[in-house]
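Student: What follows is the file query.cif, containing mmCIF, C-alpha atoms:
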```cif
data_data
loop_
_atom_site.label_atom_id
_atom_site.label_comp_id
_atom_site.auth_asym_id
_atom_site.auth_seq_id
_atom_site.Cartn_x
_atom_site.Cartn_y
_atom_site.Cartn_z
CA MET A 181 51.95 63.89 -8.60
CA SER A 182 48.79 62.47 -7.11
CA ASP A 183 46.50 60.26 -9.16
CA LYS A 184 43.24 62.20 -9.01
CA PRO A 185 40.48 61.41 -11.53
CA ALA A 186 41.39 62.93 -14.85
CA ALA A 187 37.84 63.20 -16.19
CA ASP A 188 38.16 64.48 -19.77
CA GLN A 189 40.75 67.14 -19.06
CA PRO A 190 44.11 67.16 -20.83
CA SER A 191 47.22 67.16 -18.68
CA ALA A 192 50.97 67.15 -18.76
CA ASP A 193 53.12 64.04 -18.72
CA GLN A 194 52.59 63.44 -15.02
CA ASP A 195 55.34 60.91 -14.44
CA GLN A 196 55.72 60.00 -10.79
CA PHE A 197 59.13 61.08 -9.57
CA SER A 198 58.85 59.82 -5.98
CA THR A 199 60.12 56.39 -7.00
CA GLN A 200 61.84 56.04 -10.34
CA GLY A 201 60.00 53.66 -12.63
CA ALA A 202 57.04 53.09 -10.28
CA TYR A 203 54.13 53.74 -12.61
CA VAL A 204 51.98 50.63 -12.31
CA HIS A 205 49.85 50.19 -9.19
CA THR A 206 48.61 46.62 -8.90
CA GLY A 207 44.86 46.30 -9.15
CA GLU A 208 44.34 49.93 -10.16
CA GLU A 209 43.48 51.73 -13.35
CA PHE A 210 45.99 54.35 -14.45
CA VAL A 211 44.57 57.82 -13.78
CA ARG A 212 46.47 60.90 -14.83
CA ASP A 213 46.92 63.88 -12.53
CA THR A 214 45.47 67.01 -14.16
CA ASN A 215 46.79 69.69 -11.84
CA TYR A 216 49.07 72.26 -13.42
CA ILE A 217 50.60 75.63 -12.76
CA GLU A 218 47.86 77.51 -14.59
CA ASP A 219 49.56 80.87 -15.13
CA ARG A 220 49.45 82.17 -18.68
CA ILE A 221 51.64 84.47 -20.74
CA THR A 222 49.34 86.89 -22.53
CA ARG A 223 49.42 90.09 -24.54
CA ASP A 224 47.47 92.01 -21.92
CA ALA A 225 49.18 90.28 -18.98
CA ASP A 226 45.95 89.48 -17.14
CA ALA A 227 46.27 88.48 -13.53
CA GLY A 228 46.88 84.83 -12.77
CA PRO A 229 44.22 82.42 -11.41
CA ASN A 230 44.94 83.44 -7.80
CA GLY A 231 45.07 87.17 -8.44
CA GLU A 232 48.85 87.42 -8.72
CA PRO A 233 50.35 89.65 -11.45
CA GLY A 234 50.13 88.22 -14.96
CA TRP A 235 52.98 87.34 -17.27
CA PRO A 236 53.34 89.59 -20.34
CA VAL A 237 54.35 88.44 -23.80
CA GLU A 238 57.94 89.63 -24.07
CA PRO A 239 60.42 88.23 -26.59
CA GLY A 240 63.64 86.97 -25.07
CA ARG A 241 62.25 86.75 -21.56
CA TYR A 242 61.13 83.12 -21.44
CA ARG A 243 62.69 79.72 -22.05
CA LEU A 244 60.65 76.76 -23.21
CA VAL A 245 62.04 73.62 -21.59
CA VAL A 246 61.25 70.34 -23.33
CA ALA A 247 62.50 66.78 -23.74
CA ARG A 248 62.65 65.28 -27.22
CA ALA A 249 61.35 62.05 -25.73
CA CYS A 250 58.13 63.43 -24.27
CA PRO A 251 55.00 63.48 -26.47
CA TRP A 252 53.41 66.33 -24.49
CA ALA A 253 56.52 68.51 -24.81
CA HIS A 254 56.89 67.54 -28.47
CA ARG A 255 53.70 69.47 -29.26
CA ALA A 256 55.23 72.72 -28.04
CA THR A 257 58.41 72.07 -30.04
CA ILE A 258 56.39 71.61 -33.24
CA VAL A 259 54.20 74.68 -32.68
CA ARG A 260 57.21 76.89 -31.85
CA ARG A 261 58.89 75.85 -35.10
CA LEU A 262 55.80 76.14 -37.30
CA LEU A 263 55.12 79.64 -36.00
CA GLY A 264 58.75 80.74 -36.23
CA LEU A 265 59.10 81.70 -32.58
CA GLU A 266 62.74 80.62 -32.25
CA ASP A 267 64.00 84.18 -31.72
CA ALA A 268 61.19 85.09 -29.34
CA ILE A 269 61.33 82.05 -27.04
CA SER A 270 64.55 80.14 -26.47
CA LEU A 271 64.58 76.36 -26.15
CA GLY A 272 66.11 74.26 -23.38
CA ILE A 273 66.34 70.52 -23.95
CA CYS A 274 66.46 67.92 -21.20
CA GLY A 275 67.93 64.50 -21.74
CA PRO A 276 65.67 61.52 -22.48
CA THR A 277 65.93 59.93 -19.04
CA HIS A 278 65.47 61.20 -15.51
CA ASP A 279 66.02 59.96 -12.00
CA SER A 280 63.68 60.07 -9.02
CA ARG A 281 64.03 63.84 -8.67
CA SER A 282 63.63 65.50 -12.03
CA TRP A 283 64.41 65.90 -15.70
CA THR A 284 68.06 66.90 -16.12
CA PHE A 285 70.10 68.88 -18.65
CA ASP A 286 72.63 66.12 -19.14
CA LEU A 287 72.89 66.76 -22.89
CA ASP A 288 74.41 70.21 -22.31
CA PRO A 289 78.07 70.99 -21.54
CA ASP A 290 78.77 70.53 -17.82
CA ALA A 291 75.23 69.07 -17.58
CA LYS A 292 73.76 72.55 -17.08
CA ASP A 293 71.27 74.49 -19.14
CA PRO A 294 73.37 77.23 -20.77
CA VAL A 295 70.76 79.95 -20.21
CA LEU A 296 69.23 79.03 -16.86
CA GLY A 297 72.46 77.68 -15.39
CA ILE A 298 70.69 74.78 -13.66
CA GLU A 299 71.28 71.03 -13.71
CA ARG A 300 67.69 70.00 -13.03
CA LEU A 301 64.37 71.42 -14.14
CA GLN A 302 63.30 70.88 -10.53
CA GLU A 303 65.38 73.93 -9.59
CA ALA A 304 63.12 76.24 -11.64
CA TYR A 305 60.02 74.78 -9.99
CA PHE A 306 61.52 75.23 -6.51
CA GLN A 307 62.56 78.79 -7.37
CA ARG A 308 58.85 79.59 -7.76
CA PHE A 309 57.42 77.14 -5.22
CA PRO A 310 60.03 76.04 -2.63
CA ASP A 311 57.83 73.19 -1.43
CA TYR A 312 56.40 72.21 -4.83
CA PRO A 313 54.85 68.79 -4.13
CA ARG A 314 53.93 67.58 -7.60
CA GLY A 315 55.68 66.06 -10.60
CA ILE A 316 58.39 68.03 -12.39
CA THR A 317 56.96 67.92 -15.90
CA VAL A 318 57.82 69.07 -19.40
CA PRO A 319 57.02 71.20 -21.25
CA ALA A 320 57.60 74.06 -18.85
CA ILE A 321 58.08 77.74 -19.56
CA VAL A 322 60.64 79.42 -17.30
CA ASP A 323 61.05 83.14 -16.66
CA VAL A 324 64.74 83.67 -17.41
CA PRO A 325 65.34 86.79 -15.21
CA SER A 326 64.00 85.11 -12.07
CA GLY A 327 64.78 81.50 -13.00
CA ALA A 328 61.27 80.52 -11.87
CA VAL A 329 58.82 78.29 -13.70
CA VAL A 330 55.82 80.16 -15.12
CA THR A 331 53.61 77.30 -16.30
CA ASN A 332 53.61 73.61 -17.14
CA ASN A 333 50.04 73.63 -18.47
CA PHE A 334 50.95 72.13 -21.82
CA PRO A 335 47.54 72.22 -23.56
CA GLN A 336 47.32 75.95 -22.90
CA ILE A 337 50.97 76.59 -23.78
CA THR A 338 50.52 75.66 -27.43
CA LEU A 339 47.22 77.53 -27.75
CA ASP A 340 48.83 80.65 -26.29
CA LEU A 341 51.80 80.37 -28.65
CA SER A 342 49.25 80.50 -31.47
CA THR A 343 46.97 83.24 -30.14
CA GLU A 344 48.98 85.42 -27.74
CA TRP A 345 52.38 85.53 -29.48
CA VAL A 346 50.99 86.54 -32.89
CA ASP A 347 53.08 89.72 -33.07
CA TYR A 348 56.20 87.55 -33.15
CA HIS A 349 55.09 84.87 -35.60
CA ARG A 350 57.19 84.55 -38.73
CA PRO A 351 55.83 85.89 -42.03
CA GLY A 352 53.70 83.13 -43.52
CA ALA A 353 53.09 81.37 -40.20
CA PRO A 354 50.02 79.11 -40.35
CA ASP A 355 46.92 79.68 -38.26
CA LEU A 356 46.91 76.53 -36.15
CA TYR A 357 43.84 77.50 -34.14
CA PRO A 358 41.53 79.41 -36.51
CA GLU A 359 38.65 81.01 -34.68
CA GLU A 360 35.96 79.64 -36.96
CA LEU A 361 37.14 76.05 -36.36
CA ARG A 362 37.94 76.21 -32.65
CA GLU A 363 34.80 74.45 -31.46
CA GLU A 364 35.43 71.48 -33.73
CA ILE A 365 39.18 71.47 -32.98
CA ASP A 366 38.43 71.41 -29.25
CA GLU A 367 35.89 68.61 -29.65
CA VAL A 368 38.21 66.43 -31.73
CA SER A 369 41.20 67.20 -29.49
CA LYS A 370 39.25 66.19 -26.40
CA ARG A 371 38.50 62.75 -27.80
CA ILE A 372 42.07 62.35 -29.04
CA PHE A 373 43.39 63.11 -25.56
CA THR A 374 41.07 60.90 -23.56
CA GLU A 375 41.08 57.92 -25.92
CA ILE A 376 44.47 58.03 -27.66
CA ASN A 377 47.09 60.36 -26.13
CA ASN A 378 46.21 59.19 -22.64
CA GLY A 379 44.71 55.91 -23.85
CA VAL A 380 48.09 54.38 -24.60
CA TYR A 381 49.19 55.20 -21.04
CA ARG A 382 46.06 53.60 -19.61
CA CYS A 383 47.03 50.42 -21.45
CA GLY A 384 50.70 50.55 -20.48
CA PHE A 385 50.22 51.39 -16.81
CA ALA A 386 47.11 49.29 -16.17
CA GLY A 387 47.30 47.51 -12.83
CA SER A 388 44.77 44.78 -13.60
CA GLN A 389 43.64 42.70 -16.53
CA GLU A 390 40.20 44.30 -16.41
CA SER A 391 41.52 47.86 -16.56
CA TYR A 392 43.92 46.91 -19.37
CA ASP A 393 41.18 45.26 -21.42
CA LYS A 394 38.92 48.29 -21.08
CA ALA A 395 41.73 50.68 -22.01
CA TYR A 396 42.74 48.53 -24.99
CA ASP A 397 39.20 48.42 -26.37
CA ARG A 398 38.74 52.19 -25.98
CA LEU A 399 42.06 52.94 -27.66
CA PHE A 400 41.47 50.86 -30.75
CA ALA A 401 37.85 51.98 -31.08
CA ALA A 402 39.18 55.53 -31.29
CA LEU A 403 41.90 54.59 -33.77
CA ASP A 404 39.26 52.92 -35.94
CA TRP A 405 37.19 56.12 -35.73
CA LEU A 406 40.19 58.11 -36.98
CA GLU A 407 40.91 55.60 -39.72
CA GLU A 408 37.41 56.23 -41.04
CA ARG A 409 37.41 60.01 -40.46
CA LEU A 410 40.71 60.52 -42.29
CA SER A 411 39.84 58.28 -45.22
CA GLY A 412 38.12 61.18 -46.97
CA GLN A 413 39.98 64.24 -45.66
CA ARG A 414 43.65 65.06 -45.42
CA TYR A 415 43.58 66.70 -41.99
CA LEU A 416 41.47 66.30 -38.88
CA VAL A 417 39.66 69.65 -39.07
CA GLY A 418 39.46 71.83 -42.16
CA ASP A 419 41.84 71.82 -45.10
CA SER A 420 45.12 72.52 -43.32
CA ILE A 421 47.11 71.51 -40.26
CA THR A 422 45.62 72.60 -36.95
CA GLU A 423 46.32 72.09 -33.26
CA ALA A 424 44.33 68.83 -33.44
CA ASP A 425 46.74 67.26 -35.94
CA ILE A 426 49.73 68.21 -33.82
CA ARG A 427 48.18 66.63 -30.73
CA LEU A 428 47.51 63.38 -32.57
CA PHE A 429 50.85 63.21 -34.39
CA THR A 430 53.01 63.03 -31.27
CA THR A 431 51.25 59.83 -30.19
CA LEU A 432 51.17 58.26 -33.65
CA VAL A 433 54.88 58.82 -34.26
CA ARG A 434 55.67 56.91 -31.04
CA PHE A 435 53.17 54.13 -31.61
CA ASP A 436 55.22 51.40 -33.29
CA ALA A 437 58.48 52.36 -31.57
CA VAL A 438 57.07 52.31 -28.04
CA TYR A 439 53.35 51.89 -27.46
CA HIS A 440 52.76 48.77 -29.56
CA GLY A 441 55.16 46.63 -27.54
CA HIS A 442 56.13 48.49 -24.37
CA PHE A 443 52.54 49.53 -23.56
CA LYS A 444 50.89 46.37 -24.98
CA CYS A 445 48.86 48.32 -27.57
CA ASN A 446 49.29 45.41 -29.91
CA ARG A 447 46.11 44.72 -31.84
CA ASN A 448 48.07 46.02 -34.78
CA LYS A 449 50.92 48.36 -35.58
CA LEU A 450 50.34 51.81 -36.99
CA THR A 451 51.91 50.61 -40.24
CA GLU A 452 49.08 48.07 -40.46
CA MET A 453 46.42 50.81 -40.47
CA PRO A 454 46.67 52.13 -44.03
CA VAL A 455 44.87 55.45 -43.60
CA LEU A 456 46.38 56.46 -40.26
CA SER A 457 49.89 55.43 -41.25
CA ALA A 458 49.68 57.42 -44.49
CA TYR A 459 48.32 60.41 -42.56
CA ALA A 460 51.17 60.16 -40.05
CA ARG A 461 53.76 59.90 -42.85
CA ASP A 462 52.24 62.95 -44.51
CA LEU A 463 52.75 64.97 -41.35
CA PHE A 464 56.19 63.46 -40.69
CA GLN A 465 57.34 64.64 -44.11
CA THR A 466 56.00 68.15 -43.46
CA PRO A 467 58.62 70.65 -42.16
CA GLY A 468 58.23 71.07 -38.41
CA PHE A 469 57.12 67.50 -37.72
CA GLY A 470 59.58 64.77 -38.68
CA ASP A 471 62.53 67.08 -38.28
CA THR A 472 61.63 67.49 -34.59
CA VAL A 473 61.46 63.71 -33.93
CA ASN A 474 64.30 61.84 -32.22
CA PHE A 475 63.43 58.15 -32.15
CA GLU A 476 66.51 57.15 -30.17
CA GLN A 477 65.69 59.52 -27.33
CA ILE A 478 62.03 58.46 -27.42
CA LYS A 479 62.97 54.81 -26.99
CA GLN A 480 65.59 55.56 -24.33
CA HIS A 481 63.05 57.39 -22.21
CA TYR A 482 60.33 54.77 -22.18
CA TYR A 483 62.48 51.66 -22.03
CA ILE A 484 65.01 52.96 -19.47
CA VAL A 485 62.80 55.02 -17.14
CA HIS A 486 59.84 52.62 -16.88
CA THR A 487 61.70 49.95 -14.96
CA ASP A 488 58.53 48.28 -13.71
CA LEU A 489 57.61 47.56 -17.33
CA ASN A 490 61.16 46.90 -18.56
CA PRO A 491 63.39 45.95 -15.61
CA THR A 492 66.36 45.08 -17.85
CA GLN A 493 66.29 48.60 -19.37
CA ILE A 494 67.21 47.11 -22.74
CA VAL A 495 66.36 49.56 -25.54
CA PRO A 496 65.15 47.88 -28.76
CA LYS A 497 67.01 48.59 -31.99
CA GLY A 498 63.92 48.74 -34.21
CA PRO A 499 61.68 49.50 -35.89
CA GLU A 500 63.39 50.81 -39.01
CA GLU A 501 62.87 54.54 -39.44
CA ASP A 502 62.95 54.72 -43.25
CA VAL A 503 59.28 53.66 -43.37
CA TRP A 504 58.43 57.25 -42.41
CA LEU A 505 59.82 58.49 -45.72
CA ALA A 506 57.70 56.20 -47.90
CA PRO A 507 55.18 57.88 -50.24
CA HIS A 508 51.84 58.58 -48.60
CA GLY A 509 49.62 59.72 -51.46
CA ARG A 510 47.59 62.04 -49.23
CA GLU A 511 47.99 64.97 -51.64
CA ALA A 512 45.15 63.45 -53.67
CA LEU A 513 42.73 64.47 -50.91
CA GLY A 514 43.50 68.15 -51.49
CA GLY A 515 44.17 70.66 -48.78
CA HIS A 516 47.28 72.68 -48.05
CA PRO A 517 49.47 71.92 -45.03
CA PHE A 518 49.96 75.57 -44.06
CA GLY A 519 46.72 77.00 -45.42
CA ASP A 520 47.50 80.40 -46.89
CA GLY A 521 50.88 80.36 -45.18
CA THR A 522 54.25 78.86 -46.01
CA PRO A 523 56.50 76.16 -44.53
CA PRO A 524 59.14 77.20 -42.01
CA GLU A 525 62.49 77.86 -43.68
CA ARG A 526 64.64 77.89 -40.56
CA ALA A 527 66.53 74.67 -39.88
CA ALA A 528 64.94 72.54 -37.18
CA THR A 529 68.34 72.14 -35.47
CA GLU A 530 68.45 75.83 -34.64
CA ALA A 531 67.34 76.33 -31.04
#
```
Do you think you could lay out the structure here as structure tokens?

Tutor:
Amino acid sequence: MSDKPAADQPSADQDQFSTQGAYVHTGEEFVRDTNYIEDRITRDADAGPNGEPGWPVEPGRYRLVVARACPWAHRATIVRRLLGLEDAISLGICGPTHDSRSWTFDLDPDAKDPVLGIERLQEAYFQRFPDYPRGITVPAIVDVPSGAVVTNNFPQITLDLSTEWVDYHRPGAPDLYPEELREEIDEVSKRIFTEINNGVYRCGFAGSQESYDKAYDRLFAALDWLEERLSGQRYLVGDSITEADIRLFTTLVRFDAVYHGHFKCNRNKLTEMPVLSAYARDLFQTPGFGDTVNFEQIKQHYYIVHTDLNPTQIVPKGPEEDVWLAPHGREALGGHPFGDGTPPERAATEA
């Protein structure tokens, strides 16, 4: 996908598929492409952005395609589990690595998605847009009857799972995007995206010392802001988990395993930031978070695919994962993870 200015908009994991591993452009700052397929799945099936027919909420019709390795897709996996949408939206899982063409279903028998019957996610994109010119990204929602991609607009996907699929939420599902807190959630999420979610990529894919230094300073200024903000409150906004916490968690859980070394975000490790590390452990130990993390696949993706950063493709053995189970003490700050709701009871391994 093209590197157009990202401004302050969130975007999908716009990995460049034209040349495997070619992410760093010498002398340039990393800029994320923010173009998506902007169709939405809604209760009233409004028309799409170009006037085409809308996509109605319909249980069993759609397949959410993710990769355990990808932080942007990880958000959708967490939200689907917290809301109990497993029976309404099936889950397809790509392997942690990809070649120059697309994410593949190499973890499945015969290397094909068992529902869509395809080997590459690219096939669903081409079914909708035969000449699709951009990156083949996850998460993506695919219309099962037609085999065509509906959307890869990941920030909107999770919001729509919360607000448009409410008739199919499990009993006791939390409100991850409460109306009275949306303005603050959006404001906090915007800063988290620009400075942290995308900030680690700006460090890792910087093409000059100057662009790296600027990205590094912005990233750690934002992490220091969060360290202070979370010192007196358990969650980012309000007294329970919201969309903002989910968006932050998927970067934090990858920080020491990948971003600290691979992306040169090395002022300190997450474990050396007492408030943020305790906050991240609190979420990790909450059903729906840690049980959706696969550290091995996370490391395989970054260290194998990014050959310009790691030409040997050696995957590090560490860090040790048991640190995530250490006591966090965040209960003392009050709050309830699921608000008036309850934790998901369904096993995370159930697709």

Student: Evaluating the PyMOL selection byres ((chain A and resi 395-408) around 7) on the displayed file yields which residues, as a list in words?

Tutor: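 Answer for the PyMOL selection byres ((chain A and resi 395-408) around 7): Glu375, Ile376, Gly379, Val380, Arg382, Cys383, Ser391, Tyr392, Asp393, Lys394, Arg409, Leu410, Ser411, Cys445, Val455 and Leu456 of chain A.
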
Student: Using all atoms listed in the file, which residues sit within 10 Å of A:His349 once same-chain residues fewer than 4 positions away are excluded, as a PyMOL selection string?

Tutor: chain A and resi 260-268+341-345+353-354

Student: Exactly which residues make up the result of the PyMOL selection byres ((chain A and resi 251-259) around 8) on this file, given as a ChimeraX atom specification?

Tutor: /A:192-193,246-250,260-263,318-319,334,337-338,341-342,426-427,430-431,468-469,472

Student: Would you translate the PyMOL selection byres ((chain A and resi 479-490) around 7) into the concrete set of residues it matches in this file, as a ChimeraX atom specification?

Tutor: /A:200-202,249,276-278,437-438,475-478,491-495

Student: Can you write just those residues out, C-alpha atoms, as a tab-separated table (two decimals), in the coordinates of the input?

Tutor:
```tsv
chain	number	residue	atom	x	y	z
A	200	GLN	CA	61.84	56.04	-10.34
A	201	GLY	CA	60.00	53.66	-12.63
A	202	ALA	CA	57.04	53.09	-10.28
A	249	ALA	CA	61.35	62.05	-25.73
A	276	PRO	CA	65.67	61.52	-22.48
A	277	THR	CA	65.93	59.93	-19.04
A	278	HIS	CA	65.47	61.20	-15.51
A	437	ALA	CA	58.48	52.36	-31.57
A	438	VAL	CA	57.07	52.31	-28.04
A	475	PHE	CA	63.43	58.15	-32.15
A	476	GLU	CA	66.51	57.15	-30.17
A	477	GLN	CA	65.69	59.52	-27.33
A	478	ILE	CA	62.03	58.46	-27.42
A	491	PRO	CA	63.39	45.95	-15.61
A	492	THR	CA	66.36	45.08	-17.85
A	493	GLN	CA	66.29	48.60	-19.37
A	494	ILE	CA	67.21	47.11	-22.74
A	495	VAL	CA	66.36	49.56	-25.54
```

Student: Quick one, how far is atom CA of A:Cys274 from atom CA of A:Asp293?

Tutor: 8.4 Å

Student: Ranking A:Ile316, A:Ala386, A:Leu463, A:Ile269 by minimum distance to A:Phe443 and counting all atoms listed in the file, which one comes first?

Tutor: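 The closest residue to A:Phe443 is A:Ala386.
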
Student: Calculated over all atoms listed in the file, which of the candidates A:Ala527, A:Leu505, A:Leu428, A:Ile298 has the smallest distance to A:Thr284?

Tutor: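 Closest candidate: A:Ile298.
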
Student: For A:Asn378, which of A:Leu513, A:Gly418, A:Gly234, A:Tyr439 is the closest residue, counting all atoms listed in the file?

Tutor: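 With all atoms listed in the file as the atom set, the closest residue is A:Tyr439.
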
Student: What is the distance, in Å and to one decimal place, between atom CA of A:Thr522 and atom CA of A:Pro351?

Tutor: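 The value is 8.2 Å.
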
Student: Which is closest to A:Trp235 among A:Asn332, A:Thr222, A:Ser326, A:Thr206, if we use all atoms listed in the file?

Tutor: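 Selected residue with least distance to A:Trp235: A:Thr222.
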
Student: Any idea what's packed within 8 Å of A:Leu287, counting all atoms listed in the file, ignoring anything in its chain fewer than 3 positions away? Could you give it as a ChimeraX atom specification?

Tutor: /A:273-275,291

Student: Could you tell me how far atom CA of A:Val322 lies from atom CA of A:Tyr305, in Å and to one decimal?

Tutor: 8.7 Å

Student: As JSON, numbers by chain, please: the residues near stretch 501-504 of chain A (cut-off 8 Å, only C-alpha atoms, same-chain neighbours under 3 positions excluded).

Tutor: {"A": [461, 464, 465, 498]}

Student: From the list A:Ile321, A:Ala304, A:Val417, A:Val211, which residue is nearest A:Glu360 when using all atoms listed in the file?

Tutor: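 Answer, going by the shortest atom-to-atom distance: A:Val417.
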